[in-house]
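As structure tokens, the structure follows; a few thoughts come after it.
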Amino acid sequence: MGNDIGFTEEDQLLMGLLKEIDEKEEKKQVYNKVLLIRKEETFLVNTIKNNLDKNGFLFVETAMSVRELNEKKDSAELMLMYVDDTIDEARDVLVFVKDLLLEEGKELVLLGDRNEVVSVEKVIPKELIAGIFERPFDMRAIMDRVGDFLIQQRMQQNKKMILIVDDDPTYLKLIKEWLKDDYRVSMANSGMQAITWLANNCADLVLLDYEMPTIKGSKVLEMLRSDAQIADTPVMFLTGKSDKQSIIDVLALKPAGYLLKSIDRKTLLETLNKFFVEQRYKK
């Protein structure tokens, strides 16, 4: 059947393929960019920009503003934040960045004096920060860290995505470290953050803490299954309780599986690998 603007089926097929290529290239650009967060132009900020440019890195700049950061947050996966002695005045920005790290899986490299770094760590746990560089800056080391991250991001693009949900930032960081070489990993430290993340992103598996405060893991699973867009997302519970009744309670919810928090890295990876192999054969 023809169409009103004169395109043949072959033309439409070709345009569809070109659109897919453009979308893939746009996604690659996101993974090749750095989002530079700074208060204002200074000598050190310009030095950082010159080094990024000299080393062939693309970057987008944003001021210490929640509004501007929100507008540009999707332009890059890596945030390079330069902080000065006014950082205590930007608590709202730090809270927003923390949410990006937890809800959208962004990464943060922090640049500043020791006192400024401490101020940031009062809002953003050290476990969530991918790299910290204190003055005097070693620009070579900073550029190497940026380069390593961008290479890792490109390698990660075709890997399965796992969302880890737990209220303990130390445990979140540990599991992410264990999984990051084999999977893309995002983190959420509450049930609501998990639901918000899933509303805007796709996960191949959710590792969900069963005993979270405020909103229990069972309630999060119920909320997830009530949303048609994300109802089919597989969920494995993480639980610290290994007694018979606790396991029965967990299995009654019919998750994709459950994992004891005492699990070691090797067993965790073997379990996840087996799960994804079985998922592949089910399709």
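Within each chain, counting starts at residue 1; across the structure tokens, chains are named A, B, ... in the order shown, with ligands numbered 1 upward in that order.
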
Rows by chain and residue number, segment 181-250 of chain A within 7 Å of segment 87-110 of chain A, shortest pair, only C-alpha atoms, as a tab-separated table:
residue	atom	partner	partner_atom	distance
A:Val185	CA	A:Gly105	CA	6.9
A:Ser186	CA	A:Gly105	CA	4.3
A:Met187	CA	A:Leu102	CA	4.8
A:Ala188	CA	A:Leu102	CA	4.8
A:Asn189	CA	A:Leu102	CA	6.8
A:Gln193	CA	A:Glu103	CA	6.0
A:Ala194	CA	A:Glu103	CA	6.9
A:Trp197	CA	A:Glu103	CA	5.2

Surrounding residues of Pro234 of chain A excluding itself and chain neighbours under 5 positions, 8 Å, only C-alpha atoms, as a list in words: Asp204, Leu205, Val206, Pro255 and Ala256 of chain A

Residue selection dump (C-alpha atoms) as a short mmCIF file (atom, residue, chain, number, x, y, z; two decimals), in the first residue's frame:
data_model
loop_
_atom_site.label_atom_id
_atom_site.label_comp_id
_atom_site.auth_asym_id
_atom_site.auth_seq_id
_atom_site.Cartn_x
_atom_site.Cartn_y
_atom_site.Cartn_z
CA ASP A 204 17.26 -6.88 32.94
CA LEU A 205 17.18 -7.78 36.64
CA VAL A 206 16.52 -6.06 39.97
CA PRO A 255 10.34 -13.60 42.84
CA ALA A 256 12.79 -14.69 40.14
#

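Coordinates place atom CA of Met79 of chain A at a distance of 5.9 Å from atom CA of Val34 of chain A.
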
Using DSSP on the backbone coordinates, identify all residues within segment 46-181 of chain A classified as alpha helix (DSSP H); present the result as a VMD selection string. chain A and resid 46 to 54 66 to 72 91 to 103 114 to 121 139 to 156 169 to 179

Take the residues that were just selected and, keeping C-alpha atoms, output them as an mmCIF file, in the first residue's frame.
data_model
loop_
_atom_site.group_PDB
_atom_site.id
_atom_site.type_symbol
_atom_site.label_atom_id
_atom_site.label_comp_id
_atom_site.auth_asym_id
_atom_site.auth_seq_id
_atom_site.Cartn_x
_atom_site.Cartn_y
_atom_site.Cartn_z
ATOM 1 C CA ASN A 46 40.027 26.468 32.185
ATOM 2 C CA THR A 47 43.057 24.249 32.798
ATOM 3 C CA ILE A 48 40.737 21.254 33.256
ATOM 4 C CA LYS A 49 38.839 22.155 30.069
ATOM 5 C CA ASN A 50 42.058 22.584 28.095
ATOM 6 C CA ASN A 51 43.290 19.190 29.263
ATOM 7 C CA LEU A 52 39.997 17.522 28.364
ATOM 8 C CA ASP A 53 40.169 19.083 24.918
ATOM 9 C CA LYS A 54 43.860 18.251 24.447
ATOM 10 C CA VAL A 66 19.959 22.258 39.920
ATOM 11 C CA ARG A 67 17.950 23.732 37.041
ATOM 12 C CA GLU A 68 20.878 23.783 34.610
ATOM 13 C CA LEU A 69 22.180 20.419 35.805
ATOM 14 C CA ASN A 70 18.750 18.881 35.284
ATOM 15 C CA GLU A 71 18.686 20.230 31.731
ATOM 16 C CA LYS A 72 22.101 18.762 30.871
ATOM 17 C CA ARG A 91 23.818 21.617 49.182
ATOM 18 C CA ASP A 92 20.791 21.392 46.871
ATOM 19 C CA VAL A 93 23.125 20.630 43.957
ATOM 20 C CA LEU A 94 24.933 17.925 45.954
ATOM 21 C CA VAL A 95 21.617 16.299 46.892
ATOM 22 C CA PHE A 96 20.591 16.357 43.222
ATOM 23 C CA VAL A 97 23.925 14.814 42.157
ATOM 24 C CA LYS A 98 23.554 12.122 44.819
ATOM 25 C CA ASP A 99 20.147 11.224 43.374
ATOM 26 C CA LEU A 100 21.673 11.013 39.876
ATOM 27 C CA LEU A 101 24.312 8.593 41.168
ATOM 28 C CA LEU A 102 21.710 6.404 42.833
ATOM 29 C CA GLU A 103 18.741 6.655 40.495
ATOM 30 C CA ARG A 114 40.490 18.290 51.366
ATOM 31 C CA ASN A 115 38.028 20.489 53.317
ATOM 32 C CA GLU A 116 35.844 20.875 50.221
ATOM 33 C CA VAL A 117 35.898 17.133 49.600
ATOM 34 C CA VAL A 118 34.850 16.517 53.215
ATOM 35 C CA SER A 119 31.928 18.927 52.740
ATOM 36 C CA VAL A 120 30.779 16.981 49.678
ATOM 37 C CA GLU A 121 31.114 13.644 51.510
ATOM 38 C CA MET A 139 46.109 16.498 35.497
ATOM 39 C CA ARG A 140 47.629 13.401 33.922
ATOM 40 C CA ALA A 141 46.053 11.183 36.584
ATOM 41 C CA ILE A 142 42.692 12.944 36.190
ATOM 42 C CA MET A 143 42.720 12.527 32.403
ATOM 43 C CA ASP A 144 43.724 8.875 32.764
ATOM 44 C CA ARG A 145 40.768 8.306 35.110
ATOM 45 C CA VAL A 146 38.377 9.991 32.672
ATOM 46 C CA GLY A 147 39.783 7.943 29.788
ATOM 47 C CA ASP A 148 39.502 4.673 31.724
ATOM 48 C CA PHE A 149 35.904 5.430 32.610
ATOM 49 C CA LEU A 150 34.893 6.261 29.035
ATOM 50 C CA ILE A 151 36.518 3.055 27.752
ATOM 51 C CA GLN A 152 34.662 1.047 30.401
ATOM 52 C CA GLN A 153 31.382 2.732 29.465
ATOM 53 C CA ARG A 154 31.793 1.841 25.782
ATOM 54 C CA MET A 155 32.526 -1.760 26.743
ATOM 55 C CA GLN A 156 29.487 -1.836 29.034
ATOM 56 C CA PRO A 169 25.413 2.517 50.631
ATOM 57 C CA THR A 170 28.399 0.390 51.656
ATOM 58 C CA TYR A 171 26.639 -2.795 50.574
ATOM 59 C CA LEU A 172 25.475 -1.130 47.344
ATOM 60 C CA LYS A 173 29.047 -0.170 46.505
ATOM 61 C CA LEU A 174 30.363 -3.646 47.343
ATOM 62 C CA ILE A 175 27.890 -5.448 45.077
ATOM 63 C CA LYS A 176 28.460 -2.920 42.311
ATOM 64 C CA GLU A 177 32.219 -3.546 42.501
ATOM 65 C CA TRP A 178 31.591 -7.276 42.272
ATOM 66 C CA LEU A 179 29.335 -6.962 39.226
#

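Using only C-alpha atoms, the smallest distance between any of A:Asp167, A:Asp85, A:Asp243, A:Glu134 and Leu260 of chain A comes from A:Asp243.
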
With distances taken over only C-alpha atoms, which residue among A:Asn55, A:Thr271, A:Thr62, A:Ser190 lies nearest Ile37 of chain A? A:Thr62

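Using only C-alpha atoms, the smallest distance between any of A:Phe43, A:Tyr210, A:Phe137, A:Tyr183 and Leu272 of chain A comes from A:Tyr183.
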
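Distances to Val277 of chain A were evaluated for A:Lys160, A:Lys180, A:Pro136, A:Ser218 using only C-alpha atoms, and the minimum falls at A:Lys160.
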
To test your reading of the structure, identify every residue in segment 126-253 of chain A that backbone DSSP assigns to strand (DSSP E or B), and report it as a compact mmCIF listing (two decimals) with C-alpha atoms, in the first residue's frame.
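Final output, saved to result-v3.txt:
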# COMPACT_ATOMS: atom_id res chain seq x y z
CA GLY A 131 37.28 9.13 41.99
CA ILE A 132 38.59 11.93 44.22
CA PHE A 133 41.47 14.24 43.32
CA GLU A 134 42.75 16.85 45.76
CA MET A 161 21.63 -4.01 33.19
CA ILE A 162 21.15 -4.82 36.87
CA LEU A 163 19.54 -2.43 39.37
CA ILE A 164 20.63 -2.98 42.98
CA VAL A 165 18.22 -1.67 45.64
CA ARG A 184 26.03 -2.56 33.72
CA VAL A 185 24.97 -1.62 37.23
CA SER A 186 22.76 1.10 38.70
CA MET A 187 21.88 1.65 42.33
CA ALA A 188 18.92 2.87 44.38
CA LEU A 205 17.18 -7.78 36.64
CA VAL A 206 16.52 -6.06 39.97
CA LEU A 207 18.38 -7.19 43.10
CA LEU A 208 16.03 -5.97 45.84
CA ASP A 209 16.68 -5.79 49.57
CA VAL A 235 13.31 -9.39 40.70
CA MET A 236 15.61 -11.34 42.99
CA PHE A 237 15.39 -10.62 46.69
CA LEU A 238 18.44 -9.94 48.83
CA THR A 239 17.88 -11.10 52.40

Using only C-alpha atoms, which residues sit within 8 Å of Lys39 of chain A once same-chain residues fewer than 3 positions away are excluded, as a PDB file with N, CA and C atoms, in the first residue's frame?
ATOM      1  N   ALA A  63      26.724  25.001  35.289  1.00  0.00           N
ATOM      2  CA  ALA A  63      27.001  25.726  36.526  1.00  0.00           C
ATOM      3  C   ALA A  63      26.489  24.917  37.721  1.00  0.00           C
ATOM      4  N   MET A  64      26.819  25.369  38.933  1.00  0.00           N
ATOM      5  CA  MET A  64      26.314  24.737  40.163  1.00  0.00           C
ATOM      6  C   MET A  64      24.856  25.146  40.359  1.00  0.00           C
ATOM      7  N   TYR A  82      34.105  20.172  39.848  1.00  0.00           N
ATOM      8  CA  TYR A  82      35.140  20.995  40.464  1.00  0.00           C
ATOM      9  C   TYR A  82      34.491  21.825  41.559  1.00  0.00           C
ATOM     10  N   VAL A  83      34.953  21.654  42.814  1.00  0.00           N
ATOM     11  CA  VAL A  83      34.353  22.377  43.929  1.00  0.00           C
ATOM     12  C   VAL A  83      35.356  23.344  44.549  1.00  0.00           C
TER      13      VAL A  83
END

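Rounded to one decimal, atom CA of Gly217 of chain A and atom CA of Gly191 of chain A lie 7.1 Å from each other.
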